[in-house]
Amino acid sequence: MTTVDDTKDPLRLLLGRAVSAVRCRRDHVELHFDGPVLRASSAPFGRYGCRGWRFPSPGSVELLRCYVGEVVDACELAPGRFLVLDLGEHRFTVPLDEASRPGPEAARLTDGGTGTWVW
């Protein structure tokens, strides 16, 4: 396992990939990309079109399902602050600050093979 706090290189493996599934659990959200999986353990938030959402608030799961089929066209990592995926006019944000973390891990990216990165 690799701990990452100073590079966005692992996120680049999501560029050009479509969200193939969204999995919502009581304590986290996963975006699946036909191999790679991004898990948000701190409460993610974002925008789908003009509609904002924050997990696990009412209505958030319905909007998260709309991300299936959307393609990641940009990513941004601000260590200790946030991780962002831009999907056209939509945005998925994972807070990385200490106050937002439910434990030692705010986000985890697995590449579908042996690579794992934790923020």
# chains A, B, ... in the order shown; residues from 1 in each chain; ligands from 1
>>> residues_around(residues="Pro104 of chain A", least_positions_apart="5", cutoff="10 Å", atoms="only C-alpha atoms", output="list of chain:residue names")
A:Ser41, A:Glu98, A:Val118, A:Trp119
>>> residues_around(residues="segment 22-25 of chain A", least_positions_apart="4", cutoff="10 Å", atoms="only C-alpha atoms", output="list in words")
Val29, Glu30, Leu31, His32, Phe33, Val37, Leu38, Arg39, Ala40, Ser41, Phe55, Pro56, Ser60, Val61, Leu64, Arg65, Cys66, Tyr67 and Val68 of chain A
>>> write_last_selection(atoms="all heavy atoms", output="compact mmCIF listing (two decimals), in the first residue's frame")
# COMPACT_ATOMS: atom_id res chain seq x y z
N VAL A 29 -18.88 6.03 0.14
CA VAL A 29 -19.36 5.97 -1.24
C VAL A 29 -18.22 5.46 -2.09
O VAL A 29 -17.06 5.85 -1.90
CB VAL A 29 -19.78 7.37 -1.74
CG1 VAL A 29 -20.09 7.37 -3.23
CG2 VAL A 29 -20.97 7.90 -0.96
N GLU A 30 -18.52 4.59 -3.05
CA GLU A 30 -17.51 4.11 -3.99
C GLU A 30 -17.94 4.45 -5.42
O GLU A 30 -19.10 4.25 -5.78
CB GLU A 30 -17.34 2.59 -3.91
CG GLU A 30 -16.74 2.12 -2.62
CD GLU A 30 -16.63 0.61 -2.56
OE1 GLU A 30 -17.19 -0.10 -3.42
OE2 GLU A 30 -15.97 0.13 -1.61
N LEU A 31 -16.98 4.96 -6.19
CA LEU A 31 -17.17 5.12 -7.62
C LEU A 31 -16.33 4.04 -8.29
O LEU A 31 -15.13 3.95 -8.04
CB LEU A 31 -16.70 6.51 -8.10
CG LEU A 31 -17.45 7.73 -7.56
CD1 LEU A 31 -16.88 8.99 -8.20
CD2 LEU A 31 -18.93 7.64 -7.79
N HIS A 32 -16.95 3.24 -9.13
CA HIS A 32 -16.27 2.16 -9.84
C HIS A 32 -16.03 2.59 -11.28
O HIS A 32 -16.87 3.24 -11.89
CB HIS A 32 -17.12 0.89 -9.80
CG HIS A 32 -17.26 0.31 -8.44
ND1 HIS A 32 -16.69 -0.89 -8.10
CD2 HIS A 32 -17.87 0.77 -7.33
CE1 HIS A 32 -16.95 -1.16 -6.83
NE2 HIS A 32 -17.68 -0.16 -6.34
N PHE A 33 -14.88 2.18 -11.82
CA PHE A 33 -14.47 2.56 -13.18
C PHE A 33 -14.02 1.33 -13.96
O PHE A 33 -12.96 1.35 -14.58
CB PHE A 33 -13.33 3.57 -13.11
CG PHE A 33 -13.70 4.86 -12.44
CD1 PHE A 33 -13.54 5.02 -11.07
CD2 PHE A 33 -14.21 5.92 -13.18
CE1 PHE A 33 -13.89 6.21 -10.45
CE2 PHE A 33 -14.56 7.11 -12.56
CZ PHE A 33 -14.40 7.25 -11.19
N VAL A 37 -11.31 1.62 -8.39
CA VAL A 37 -12.40 1.99 -7.48
C VAL A 37 -11.90 3.11 -6.58
O VAL A 37 -10.83 3.01 -5.97
CB VAL A 37 -12.85 0.80 -6.60
CG1 VAL A 37 -13.91 1.23 -5.60
CG2 VAL A 37 -13.36 -0.34 -7.46
N LEU A 38 -12.66 4.19 -6.50
CA LEU A 38 -12.38 5.28 -5.58
C LEU A 38 -13.40 5.22 -4.46
O LEU A 38 -14.60 5.28 -4.70
CB LEU A 38 -12.48 6.64 -6.28
CG LEU A 38 -12.29 7.86 -5.38
CD1 LEU A 38 -10.88 7.91 -4.79
CD2 LEU A 38 -12.61 9.14 -6.13
N ARG A 39 -12.91 5.04 -3.22
CA ARG A 39 -13.77 4.99 -2.04
C ARG A 39 -13.60 6.28 -1.25
O ARG A 39 -12.49 6.66 -0.91
CB ARG A 39 -13.42 3.82 -1.15
CG ARG A 39 -14.25 3.82 0.15
CD ARG A 39 -13.84 2.74 1.08
NE ARG A 39 -14.36 1.47 0.56
CZ ARG A 39 -14.18 0.31 1.17
NH1 ARG A 39 -13.48 0.24 2.27
NH2 ARG A 39 -14.69 -0.77 0.66
N ALA A 40 -14.71 6.94 -0.96
CA ALA A 40 -14.72 8.15 -0.15
C ALA A 40 -15.28 7.81 1.22
O ALA A 40 -16.47 7.50 1.34
CB ALA A 40 -15.57 9.23 -0.81
N SER A 41 -14.42 7.84 2.24
CA SER A 41 -14.85 7.52 3.60
C SER A 41 -15.32 8.75 4.35
O SER A 41 -16.16 8.67 5.23
CB SER A 41 -13.72 6.85 4.37
OG SER A 41 -13.37 5.64 3.76
N PHE A 55 -23.34 13.69 0.79
CA PHE A 55 -23.66 12.36 1.31
C PHE A 55 -23.51 12.35 2.82
O PHE A 55 -22.55 12.94 3.33
CB PHE A 55 -22.72 11.32 0.68
CG PHE A 55 -23.01 9.92 1.09
CD1 PHE A 55 -24.02 9.20 0.49
CD2 PHE A 55 -22.28 9.33 2.11
CE1 PHE A 55 -24.30 7.90 0.87
CE2 PHE A 55 -22.55 8.03 2.50
CZ PHE A 55 -23.56 7.32 1.88
N PRO A 56 -24.41 11.80 3.59
CA PRO A 56 -25.57 10.98 3.25
C PRO A 56 -26.90 11.72 3.33
O PRO A 56 -27.92 11.11 3.64
CB PRO A 56 -25.49 9.88 4.30
CG PRO A 56 -25.01 10.58 5.53
CD PRO A 56 -24.06 11.65 5.00
N SER A 60 -29.13 12.54 -1.87
CA SER A 60 -27.76 12.40 -2.37
C SER A 60 -27.56 11.09 -3.14
O SER A 60 -26.91 11.07 -4.18
CB SER A 60 -26.73 12.52 -1.25
OG SER A 60 -26.88 11.49 -0.29
N VAL A 61 -28.14 10.02 -2.65
CA VAL A 61 -27.96 8.72 -3.32
C VAL A 61 -28.56 8.75 -4.72
O VAL A 61 -27.96 8.26 -5.68
CB VAL A 61 -28.56 7.58 -2.47
CG1 VAL A 61 -28.55 6.27 -3.23
CG2 VAL A 61 -27.81 7.45 -1.15
N LEU A 64 -26.17 10.66 -6.89
CA LEU A 64 -24.94 9.89 -7.11
C LEU A 64 -25.14 8.84 -8.20
O LEU A 64 -24.24 8.59 -9.00
CB LEU A 64 -24.47 9.24 -5.81
CG LEU A 64 -23.72 10.17 -4.87
CD1 LEU A 64 -23.69 9.61 -3.46
CD2 LEU A 64 -22.33 10.42 -5.39
N ARG A 65 -26.30 8.22 -8.25
CA ARG A 65 -26.58 7.22 -9.29
C ARG A 65 -26.48 7.82 -10.69
O ARG A 65 -26.18 7.12 -11.65
CB ARG A 65 -27.96 6.62 -9.09
CG ARG A 65 -28.04 5.72 -7.91
CD ARG A 65 -29.42 5.09 -7.84
NE ARG A 65 -29.60 4.42 -6.57
CZ ARG A 65 -30.72 4.42 -5.87
NH1 ARG A 65 -31.79 5.04 -6.34
NH2 ARG A 65 -30.79 3.79 -4.73
N CYS A 66 -26.74 9.10 -10.81
CA CYS A 66 -26.69 9.77 -12.11
C CYS A 66 -25.27 9.84 -12.66
O CYS A 66 -25.08 10.08 -13.86
CB CYS A 66 -27.27 11.18 -12.00
SG CYS A 66 -29.03 11.22 -11.59
N TYR A 67 -24.26 9.65 -11.83
CA TYR A 67 -22.87 9.71 -12.28
C TYR A 67 -22.49 8.53 -13.17
O TYR A 67 -21.51 8.59 -13.90
CB TYR A 67 -21.91 9.77 -11.09
CG TYR A 67 -21.84 11.13 -10.44
CD1 TYR A 67 -22.83 11.55 -9.57
CD2 TYR A 67 -20.78 11.99 -10.69
CE1 TYR A 67 -22.78 12.80 -8.97
CE2 TYR A 67 -20.72 13.24 -10.10
CZ TYR A 67 -21.72 13.64 -9.24
OH TYR A 67 -21.67 14.87 -8.66
N VAL A 68 -23.25 7.44 -13.11
CA VAL A 68 -22.94 6.26 -13.94
C VAL A 68 -22.97 6.68 -15.41
O VAL A 68 -23.92 7.30 -15.89
CB VAL A 68 -23.92 5.10 -13.67
CG1 VAL A 68 -23.69 3.96 -14.65
CG2 VAL A 68 -23.79 4.62 -12.24
>>> select_by_dssp(residues="chain A", states="strand (DSSP E)", output="ChimeraX atom specification")
/A:2-3,21-24,29-32,37-40,45-48,51-54,74-78,82-87,90-95,107-110,116-118
>>> write_last_selection(atoms="N, CA and C atoms", output="short mmCIF file (atom, residue, chain, number, x, y, z; two decimals), in the first residue's frame")
data_model
loop_
_atom_site.label_atom_id
_atom_site.label_comp_id
_atom_site.auth_asym_id
_atom_site.auth_seq_id
_atom_site.Cartn_x
_atom_site.Cartn_y
_atom_site.Cartn_z
N THR A 2 0.49 2.22 -0.77
CA THR A 2 1.22 3.48 -0.85
C THR A 2 0.35 4.58 -0.26
N THR A 3 0.92 5.39 0.60
CA THR A 3 0.21 6.54 1.12
C THR A 3 0.62 7.74 0.30
N ALA A 21 -20.20 2.17 -11.99
CA ALA A 21 -21.13 1.86 -10.90
C ALA A 21 -20.88 2.81 -9.75
N VAL A 22 -21.92 3.04 -8.97
CA VAL A 22 -21.83 3.82 -7.74
C VAL A 22 -22.37 2.93 -6.64
N ARG A 23 -21.59 2.82 -5.57
CA ARG A 23 -22.01 1.99 -4.44
C ARG A 23 -22.04 2.87 -3.20
N CYS A 24 -23.20 2.95 -2.58
CA CYS A 24 -23.37 3.77 -1.38
C CYS A 24 -23.59 2.85 -0.18
N VAL A 29 -18.88 6.03 0.14
CA VAL A 29 -19.36 5.97 -1.24
C VAL A 29 -18.22 5.46 -2.09
N GLU A 30 -18.52 4.59 -3.05
CA GLU A 30 -17.51 4.11 -3.99
C GLU A 30 -17.94 4.45 -5.42
N LEU A 31 -16.98 4.96 -6.19
CA LEU A 31 -17.17 5.12 -7.62
C LEU A 31 -16.33 4.04 -8.29
N HIS A 32 -16.95 3.24 -9.13
CA HIS A 32 -16.27 2.16 -9.84
C HIS A 32 -16.03 2.59 -11.28
N VAL A 37 -11.31 1.62 -8.39
CA VAL A 37 -12.40 1.99 -7.48
C VAL A 37 -11.90 3.11 -6.58
N LEU A 38 -12.66 4.19 -6.50
CA LEU A 38 -12.38 5.28 -5.58
C LEU A 38 -13.40 5.22 -4.46
N ARG A 39 -12.91 5.04 -3.22
CA ARG A 39 -13.77 4.99 -2.04
C ARG A 39 -13.60 6.28 -1.25
N ALA A 40 -14.71 6.94 -0.96
CA ALA A 40 -14.72 8.15 -0.15
C ALA A 40 -15.28 7.81 1.22
N PHE A 45 -19.15 15.32 -1.29
CA PHE A 45 -20.18 16.25 -1.72
C PHE A 45 -19.90 16.63 -3.17
N GLY A 46 -20.83 17.29 -3.78
CA GLY A 46 -20.59 17.68 -5.16
C GLY A 46 -21.76 18.35 -5.80
N ARG A 47 -21.72 18.26 -7.13
CA ARG A 47 -22.73 18.91 -7.95
C ARG A 47 -23.01 17.99 -9.14
N TYR A 48 -24.27 17.76 -9.38
CA TYR A 48 -24.66 17.06 -10.60
C TYR A 48 -25.51 18.06 -11.37
N ARG A 51 -27.54 20.82 -9.48
CA ARG A 51 -28.02 20.33 -8.18
C ARG A 51 -26.86 19.91 -7.30
N GLY A 52 -26.75 20.56 -6.14
CA GLY A 52 -25.72 20.20 -5.17
C GLY A 52 -26.20 19.06 -4.28
N TRP A 53 -25.25 18.31 -3.74
CA TRP A 53 -25.57 17.21 -2.84
C TRP A 53 -24.43 17.03 -1.84
N ARG A 54 -24.75 16.40 -0.72
CA ARG A 54 -23.76 16.02 0.30
C ARG A 54 -24.20 14.69 0.88
N ALA A 74 -11.10 15.70 -15.64
CA ALA A 74 -10.09 16.43 -14.88
C ALA A 74 -10.10 15.94 -13.44
N CYS A 75 -8.96 16.09 -12.78
CA CYS A 75 -8.87 15.74 -11.36
C CYS A 75 -7.96 16.76 -10.69
N GLU A 76 -8.18 16.91 -9.41
CA GLU A 76 -7.37 17.86 -8.63
C GLU A 76 -7.19 17.30 -7.24
N LEU A 77 -5.98 17.45 -6.72
CA LEU A 77 -5.68 17.03 -5.36
C LEU A 77 -5.03 18.18 -4.63
N ALA A 78 -5.65 18.59 -3.53
CA ALA A 78 -5.07 19.59 -2.63
C ALA A 78 -4.82 18.84 -1.33
N PHE A 82 -8.72 18.58 -0.15
CA PHE A 82 -9.76 17.92 -0.93
C PHE A 82 -9.17 17.16 -2.11
N LEU A 83 -9.99 16.27 -2.64
CA LEU A 83 -9.72 15.53 -3.86
C LEU A 83 -10.97 15.73 -4.73
N VAL A 84 -10.77 16.14 -5.98
CA VAL A 84 -11.90 16.46 -6.84
C VAL A 84 -11.80 15.72 -8.17
N LEU A 85 -12.93 15.19 -8.61
CA LEU A 85 -13.07 14.66 -9.96
C LEU A 85 -14.08 15.54 -10.69
N ASP A 86 -13.70 16.02 -11.87
CA ASP A 86 -14.63 16.75 -12.72
C ASP A 86 -15.09 15.81 -13.82
N LEU A 87 -16.38 15.75 -14.00
CA LEU A 87 -16.99 14.86 -14.99
C LEU A 87 -17.91 15.73 -15.85
N HIS A 90 -20.28 18.14 -14.09
CA HIS A 90 -20.53 17.57 -12.77
C HIS A 90 -19.22 17.50 -11.98
N ARG A 91 -19.37 17.43 -10.65
CA ARG A 91 -18.19 17.42 -9.78
C ARG A 91 -18.42 16.49 -8.60
N PHE A 92 -17.37 15.74 -8.24
CA PHE A 92 -17.39 14.84 -7.09
C PHE A 92 -16.20 15.22 -6.22
N THR A 93 -16.45 15.60 -4.98
CA THR A 93 -15.39 16.10 -4.09
C THR A 93 -15.34 15.26 -2.81
N VAL A 94 -14.12 14.91 -2.42
CA VAL A 94 -13.88 14.20 -1.17
C VAL A 94 -13.08 15.11 -0.26
N PRO A 95 -13.61 15.50 0.90
CA PRO A 95 -12.83 16.31 1.84
C PRO A 95 -11.72 15.46 2.46
N ALA A 107 -9.90 8.84 1.82
CA ALA A 107 -10.16 8.29 0.49
C ALA A 107 -9.15 7.20 0.18
N ARG A 108 -9.59 6.26 -0.67
CA ARG A 108 -8.73 5.15 -1.09
C ARG A 108 -9.01 4.90 -2.56
N LEU A 109 -7.94 4.75 -3.33
CA LEU A 109 -8.05 4.42 -4.75
C LEU A 109 -7.32 3.11 -4.99
N THR A 110 -8.02 2.15 -5.57
CA THR A 110 -7.38 0.90 -5.97
C THR A 110 -7.45 0.85 -7.49
N THR A 116 -2.69 0.47 -4.56
CA THR A 116 -3.63 1.11 -3.66
C THR A 116 -3.00 2.40 -3.14
N TRP A 117 -3.76 3.48 -3.19
CA TRP A 117 -3.30 4.77 -2.68
C TRP A 117 -4.31 5.27 -1.66
N VAL A 118 -3.81 5.82 -0.56
CA VAL A 118 -4.66 6.26 0.54
C VAL A 118 -4.34 7.71 0.86
#
>>> atom_distance(atom1="atom CA of Gly69 of chain A", atom2="atom CA of Pro36 of chain A")
14.6 Å
>>> select_by_dssp(residues="chain A", states="alpha helix (DSSP H)", output="PyMOL selection string")
chain A and resi 9-12+60-65
>>> write_last_selection(atoms="C-alpha atoms", output="PDB file, in the first residue's frame")
ATOM      1  CA  ASP A   9      -0.536  10.907 -10.355  1.00  0.00           C
ATOM      2  CA  PRO A  10      -2.727   8.048  -9.061  1.00  0.00           C
ATOM      3  CA  LEU A  11      -5.837  10.066  -9.922  1.00  0.00           C
ATOM      4  CA  ARG A  12      -4.667  10.343 -13.520  1.00  0.00           C
ATOM      5  CA  SER A  60     -27.760  12.402  -2.374  1.00  0.00           C
ATOM      6  CA  VAL A  61     -27.960   8.719  -3.321  1.00  0.00           C
ATOM      7  CA  GLU A  62     -30.350   9.475  -6.179  1.00  0.00           C
ATOM      8  CA  LEU A  63     -27.990  12.119  -7.581  1.00  0.00           C
ATOM      9  CA  LEU A  64     -24.940   9.892  -7.109  1.00  0.00           C
ATOM     10  CA  ARG A  65     -26.578   7.220  -9.291  1.00  0.00           C
TER      11      ARG A  65
END
>>> atom_distance(atom1="atom CA of Arg26 of chain A", atom2="atom CA of Gly113 of chain A")
25.7 Å
>>> closest_residue(among="A:Pro102, A:Glu89, A:Gly16, A:Gly112", to="Gly49 of chain A", atoms="only C-alpha atoms")
A:Glu89
>>> closest_residue(among="A:Gly35, A:Val72, A:Ala106, A:Gly59", to="Leu14 of chain A", atoms="only C-alpha atoms")
A:Val72
>>> residues_around(residues="Asp34 of chain A", least_positions_apart="4", cutoff="10 Å", atoms="only C-alpha atoms", output="list in words")
Arg17, Ala18, Val19, Ser20, Ala21, Asp111 and Gly112 of chain A
>>> write_last_selection(atoms="N, CA and C atoms", output="short mmCIF file (atom, residue, chain, number, x, y, z; two decimals), in the first residue's frame")
data_model
loop_
_atom_site.label_atom_id
_atom_site.label_comp_id
_atom_site.auth_asym_id
_atom_site.auth_seq_id
_atom_site.Cartn_x
_atom_site.Cartn_y
_atom_site.Cartn_z
N ARG A 17 -11.94 7.80 -18.08
CA ARG A 17 -12.74 6.61 -17.72
C ARG A 17 -14.14 7.03 -17.32
N ALA A 18 -15.09 6.19 -17.66
CA ALA A 18 -16.49 6.42 -17.28
C ALA A 18 -16.78 5.72 -15.96
N VAL A 19 -17.63 6.33 -15.17
CA VAL A 19 -18.11 5.70 -13.94
C VAL A 19 -19.00 4.54 -14.36
N SER A 20 -18.65 3.33 -13.91
CA SER A 20 -19.42 2.14 -14.29
C SER A 20 -20.43 1.74 -13.22
N ALA A 21 -20.20 2.17 -11.99
CA ALA A 21 -21.13 1.86 -10.90
C ALA A 21 -20.88 2.81 -9.75
N ASP A 111 -6.40 0.32 -8.09
CA ASP A 111 -6.33 0.32 -9.56
C ASP A 111 -6.92 -0.93 -10.19
N GLY A 112 -7.52 -1.79 -9.41
CA GLY A 112 -8.09 -3.01 -9.94
C GLY A 112 -7.07 -4.14 -10.00
#
